[in-house]
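Structure record follows, encoded as structure tokens.
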Amino acid sequence: AAQIMTIAISNTATSGTAPSPTVCAGRLFSGDYGGQNSRPFASRPSAISFDYKYVQHESENFIVNVQVIGAGAVIGEGHLYPAGNVSDWTNITLDIEYTNTAQKADAISIEFISTNASGSDAWEYDQSITYGGDKTARVHGGSILTVDNLEMVY
């Protein structure tokens, strides 16, 4: 499983008084960091399916974006904004709608983002998290999305 978290950082302090923090939504995506968000993929799935858990901060939702690309243009896509806390593993299927049925696929982009919020309300000081199964830490954190068993549906 992969765990994605919204977190606030500041280069001037790490305590509860950190001024002007930068808030960054956790982001898991296909592709290369600093490069393309897509990966070569010569197939056209009708959907993606995955299991997830979500620890919601305030009224946030997480985001899932899928784009199938052909000849440099988006030929199919799907977007999902599930709402609320989900404490038990839950399976969800995201349909991909194709707008160009003639173009062959050559790449796919899949992106999970831990929150749809931005700004100071997207996190809280001194949040306790558990990671790696048995490790704990205190962080300036927000929503936590955990994703597992991603598969293409045909």
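Ordering of the structure tokens sets the chain letters (A, B, ...); residue numbers start at 1 within each chain; ligands are numbered from 1 in the order shown.
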
(message) For the structure I just gave you, how does DSSP split region 16-152 of chain A - specifically, which residues are strand (DSSP E)? Reply as a ChimeraX atom specification.
(response) /A:22-24,27-29,39-40,47-55,63-70,73-80,86-95,97-98,107-113,124-131,135-152

(request) For Arg27 (chain A), work out the shell of residues within 12 Å, counting only C-alpha atoms and skipping chain neighbours fewer than 4 positions away, then give it as a list of chain:residue names. (result)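 Selected residues are A:Ala2, A:Gln3, A:Ile4, A:Met5, A:Thr6, A:Ile7, A:Gly31, A:Tyr33, A:Asn37, A:Phe62, A:Ile63, A:Val64, A:Asn65, A:Ile110, A:Glu111, A:Phe112, A:Ile113, A:Ser114, A:Thr115, A:Asn116, A:Ser143, A:Ile144, A:Leu145, A:Thr146, A:Val147.
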
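Nearest residue to Ile48 (chain A), choosing from A:Gln127, A:Asn85, A:Ser30, A:Thr93 and counting only C-alpha atoms: A:Thr93.
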
(request) List the neighbours of Ser46 (chain A) out to 12 Å using only C-alpha atoms; skip same-chain residues closer than 6 positions along the sequence, and give me the result as number ranges by chain. (result) A: 66-68, 76-78, 93-98, 101, 151-154

Include N, CA, C and O atoms and write out the residues we just selected as an mmCIF file, in the first residue's frame.
data_model
loop_
_atom_site.group_PDB
_atom_site.id
_atom_site.type_symbol
_atom_site.label_atom_id
_atom_site.label_comp_id
_atom_site.auth_asym_id
_atom_site.auth_seq_id
_atom_site.Cartn_x
_atom_site.Cartn_y
_atom_site.Cartn_z
ATOM 1 N N VAL A 66 -7.405 10.232 -13.828
ATOM 2 C CA VAL A 66 -6.848 9.271 -14.780
ATOM 3 C C VAL A 66 -7.001 9.864 -16.170
ATOM 4 O O VAL A 66 -8.076 10.370 -16.519
ATOM 5 N N GLN A 67 -5.918 9.818 -16.946
ATOM 6 C CA GLN A 67 -5.975 10.259 -18.341
ATOM 7 C C GLN A 67 -5.278 9.217 -19.207
ATOM 8 O O GLN A 67 -4.164 8.791 -18.901
ATOM 9 N N VAL A 68 -5.960 8.806 -20.267
ATOM 10 C CA VAL A 68 -5.355 7.952 -21.288
ATOM 11 C C VAL A 68 -4.994 8.871 -22.439
ATOM 12 O O VAL A 68 -5.814 9.688 -22.884
ATOM 13 N N GLY A 76 -9.100 9.807 -23.280
ATOM 14 C CA GLY A 76 -10.041 9.270 -22.298
ATOM 15 C C GLY A 76 -9.628 9.723 -20.913
ATOM 16 O O GLY A 76 -8.442 9.905 -20.640
ATOM 17 N N GLU A 77 -10.636 9.945 -20.041
ATOM 18 C CA GLU A 77 -10.294 10.376 -18.688
ATOM 19 C C GLU A 77 -11.400 10.060 -17.697
ATOM 20 O O GLU A 77 -12.548 9.824 -18.068
ATOM 21 N N GLY A 78 -11.011 10.078 -16.435
ATOM 22 C CA GLY A 78 -11.942 9.895 -15.338
ATOM 23 C C GLY A 78 -11.443 10.666 -14.132
ATOM 24 O O GLY A 78 -10.232 10.804 -13.928
ATOM 25 N N THR A 93 -14.291 1.759 -8.020
ATOM 26 C CA THR A 93 -13.974 1.679 -9.442
ATOM 27 C C THR A 93 -14.249 3.031 -10.079
ATOM 28 O O THR A 93 -15.315 3.614 -9.882
ATOM 29 N N LEU A 94 -13.271 3.526 -10.815
ATOM 30 C CA LEU A 94 -13.376 4.811 -11.515
ATOM 31 C C LEU A 94 -13.440 4.535 -13.012
ATOM 32 O O LEU A 94 -12.484 4.025 -13.606
ATOM 33 N N ASP A 95 -14.597 4.839 -13.622
ATOM 34 C CA ASP A 95 -14.769 4.637 -15.061
ATOM 35 C C ASP A 95 -13.965 5.666 -15.846
ATOM 36 O O ASP A 95 -13.836 6.821 -15.437
ATOM 37 N N ILE A 96 -13.460 5.227 -16.990
ATOM 38 C CA ILE A 96 -12.742 6.114 -17.907
ATOM 39 C C ILE A 96 -13.626 6.326 -19.124
ATOM 40 O O ILE A 96 -14.030 5.362 -19.780
ATOM 41 N N GLU A 97 -13.953 7.579 -19.408
ATOM 42 C CA GLU A 97 -14.783 7.919 -20.570
ATOM 43 C C GLU A 97 -13.880 8.378 -21.710
ATOM 44 O O GLU A 97 -13.039 9.262 -21.530
ATOM 45 N N TYR A 98 -14.086 7.778 -22.871
ATOM 46 C CA TYR A 98 -13.264 8.092 -24.044
ATOM 47 C C TYR A 98 -13.984 9.080 -24.949
ATOM 48 O O TYR A 98 -15.149 8.876 -25.306
ATOM 49 N N THR A 101 -12.496 7.704 -29.885
ATOM 50 C CA THR A 101 -12.516 6.240 -29.926
ATOM 51 C C THR A 101 -11.656 5.668 -31.056
ATOM 52 O O THR A 101 -11.442 4.465 -31.114
ATOM 53 N N GLU A 151 -5.659 -1.657 -10.053
ATOM 54 C CA GLU A 151 -5.702 -2.513 -11.226
ATOM 55 C C GLU A 151 -6.486 -1.853 -12.355
ATOM 56 O O GLU A 151 -7.372 -1.021 -12.126
ATOM 57 N N MET A 152 -6.124 -2.230 -13.548
ATOM 58 C CA MET A 152 -6.842 -1.785 -14.742
ATOM 59 C C MET A 152 -8.002 -2.732 -14.991
ATOM 60 O O MET A 152 -7.863 -3.939 -14.846
ATOM 61 N N VAL A 153 -9.146 -2.170 -15.375
ATOM 62 C CA VAL A 153 -10.337 -2.965 -15.662
ATOM 63 C C VAL A 153 -10.599 -2.895 -17.167
ATOM 64 O O VAL A 153 -10.618 -1.805 -17.750
ATOM 65 N N TYR A 154 -10.834 -4.064 -17.790
ATOM 66 C CA TYR A 154 -11.080 -4.099 -19.241
ATOM 67 C C TYR A 154 -12.417 -4.721 -19.528
ATOM 68 O O TYR A 154 -12.926 -5.500 -18.798
#

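What separates CA of Ser59 (chain A) from CA of Ala83 (chain A) is a distance of 8.2 Å.
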
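CA of Asn149 (chain A) sits 20.7 Å away from CA of Thr130 (chain A).
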
(request) Tell me which of A:Ala105, A:Val139, A:Ala71, A:Val55 sits closest to Gly84 (chain A), counting only C-alpha atoms. (result)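 Nearest to Gly84 (chain A): A:Val55.
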
(request) Check the smallest atom-to-atom distance from each of A:Ala137, A:Ala8, A:Val86, A:Leu150 to Tyr54 (chain A) using only C-alpha atoms, then report the winner. (result)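 Smallest separation from Tyr54 (chain A) among the options: A:Val86.
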
(message) With only C-alpha atoms as the counted atoms, please give the residues lying no more than 8 Å from Asp106 (chain A), apart from itself and same-chain residues fewer than 2 positions off, as a PyMOL selection string.
(response) chain A and resi 40-43+68-71+104+108

Kindly export the residues of the current selection with N, CA, C and O atoms, as a PDB file, in the first residue's frame.
ATOM      1  N   PRO A  40       4.402   5.202 -20.522  1.00  0.00           N
ATOM      2  CA  PRO A  40       3.996   4.502 -21.739  1.00  0.00           C
ATOM      3  C   PRO A  40       2.989   3.407 -21.402  1.00  0.00           C
ATOM      4  O   PRO A  40       3.175   2.649 -20.439  1.00  0.00           O
ATOM      5  N   PHE A  41       1.904   3.352 -22.170  1.00  0.00           N
ATOM      6  CA  PHE A  41       0.848   2.385 -21.901  1.00  0.00           C
ATOM      7  C   PHE A  41      -0.004   2.285 -23.159  1.00  0.00           C
ATOM      8  O   PHE A  41      -0.733   3.224 -23.487  1.00  0.00           O
ATOM      9  N   ALA A  42       0.073   1.183 -23.859  1.00  0.00           N
ATOM     10  CA  ALA A  42      -0.574   1.035 -25.162  1.00  0.00           C
ATOM     11  C   ALA A  42      -1.906   0.312 -25.086  1.00  0.00           C
ATOM     12  O   ALA A  42      -2.271  -0.448 -25.974  1.00  0.00           O
ATOM     13  N   SER A  43      -2.652   0.543 -24.039  1.00  0.00           N
ATOM     14  CA  SER A  43      -3.919  -0.137 -23.842  1.00  0.00           C
ATOM     15  C   SER A  43      -4.989   0.878 -23.442  1.00  0.00           C
ATOM     16  O   SER A  43      -4.675   1.979 -23.011  1.00  0.00           O
ATOM     17  N   VAL A  68      -5.960   8.806 -20.267  1.00  0.00           N
ATOM     18  CA  VAL A  68      -5.355   7.952 -21.288  1.00  0.00           C
ATOM     19  C   VAL A  68      -4.994   8.871 -22.439  1.00  0.00           C
ATOM     20  O   VAL A  68      -5.814   9.688 -22.884  1.00  0.00           O
ATOM     21  N   ILE A  69      -3.752   8.762 -22.917  1.00  0.00           N
ATOM     22  CA  ILE A  69      -3.207   9.702 -23.887  1.00  0.00           C
ATOM     23  C   ILE A  69      -2.865   8.966 -25.170  1.00  0.00           C
ATOM     24  O   ILE A  69      -2.350   7.840 -25.137  1.00  0.00           O
ATOM     25  N   GLY A  70      -3.152   9.608 -26.306  1.00  0.00           N
ATOM     26  CA  GLY A  70      -2.798   9.076 -27.611  1.00  0.00           C
ATOM     27  C   GLY A  70      -2.305  10.202 -28.495  1.00  0.00           C
ATOM     28  O   GLY A  70      -2.963  11.237 -28.610  1.00  0.00           O
ATOM     29  N   ALA A  71      -1.135  10.042 -29.086  1.00  0.00           N
ATOM     30  CA  ALA A  71      -0.540  11.053 -29.966  1.00  0.00           C
ATOM     31  C   ALA A  71      -0.471  12.425 -29.284  1.00  0.00           C
ATOM     32  O   ALA A  71      -0.726  13.456 -29.907  1.00  0.00           O
ATOM     33  N   LYS A 104      -5.328   5.438 -31.031  1.00  0.00           N
ATOM     34  CA  LYS A 104      -4.716   4.418 -30.188  1.00  0.00           C
ATOM     35  C   LYS A 104      -4.058   5.074 -28.974  1.00  0.00           C
ATOM     36  O   LYS A 104      -3.526   6.174 -29.062  1.00  0.00           O
ATOM     37  N   ILE A 108      -0.488   6.602 -20.189  1.00  0.00           N
ATOM     38  CA  ILE A 108      -1.530   6.776 -19.187  1.00  0.00           C
ATOM     39  C   ILE A 108      -0.959   7.596 -18.031  1.00  0.00           C
ATOM     40  O   ILE A 108       0.224   7.501 -17.706  1.00  0.00           O
TER      41      ILE A 108
END
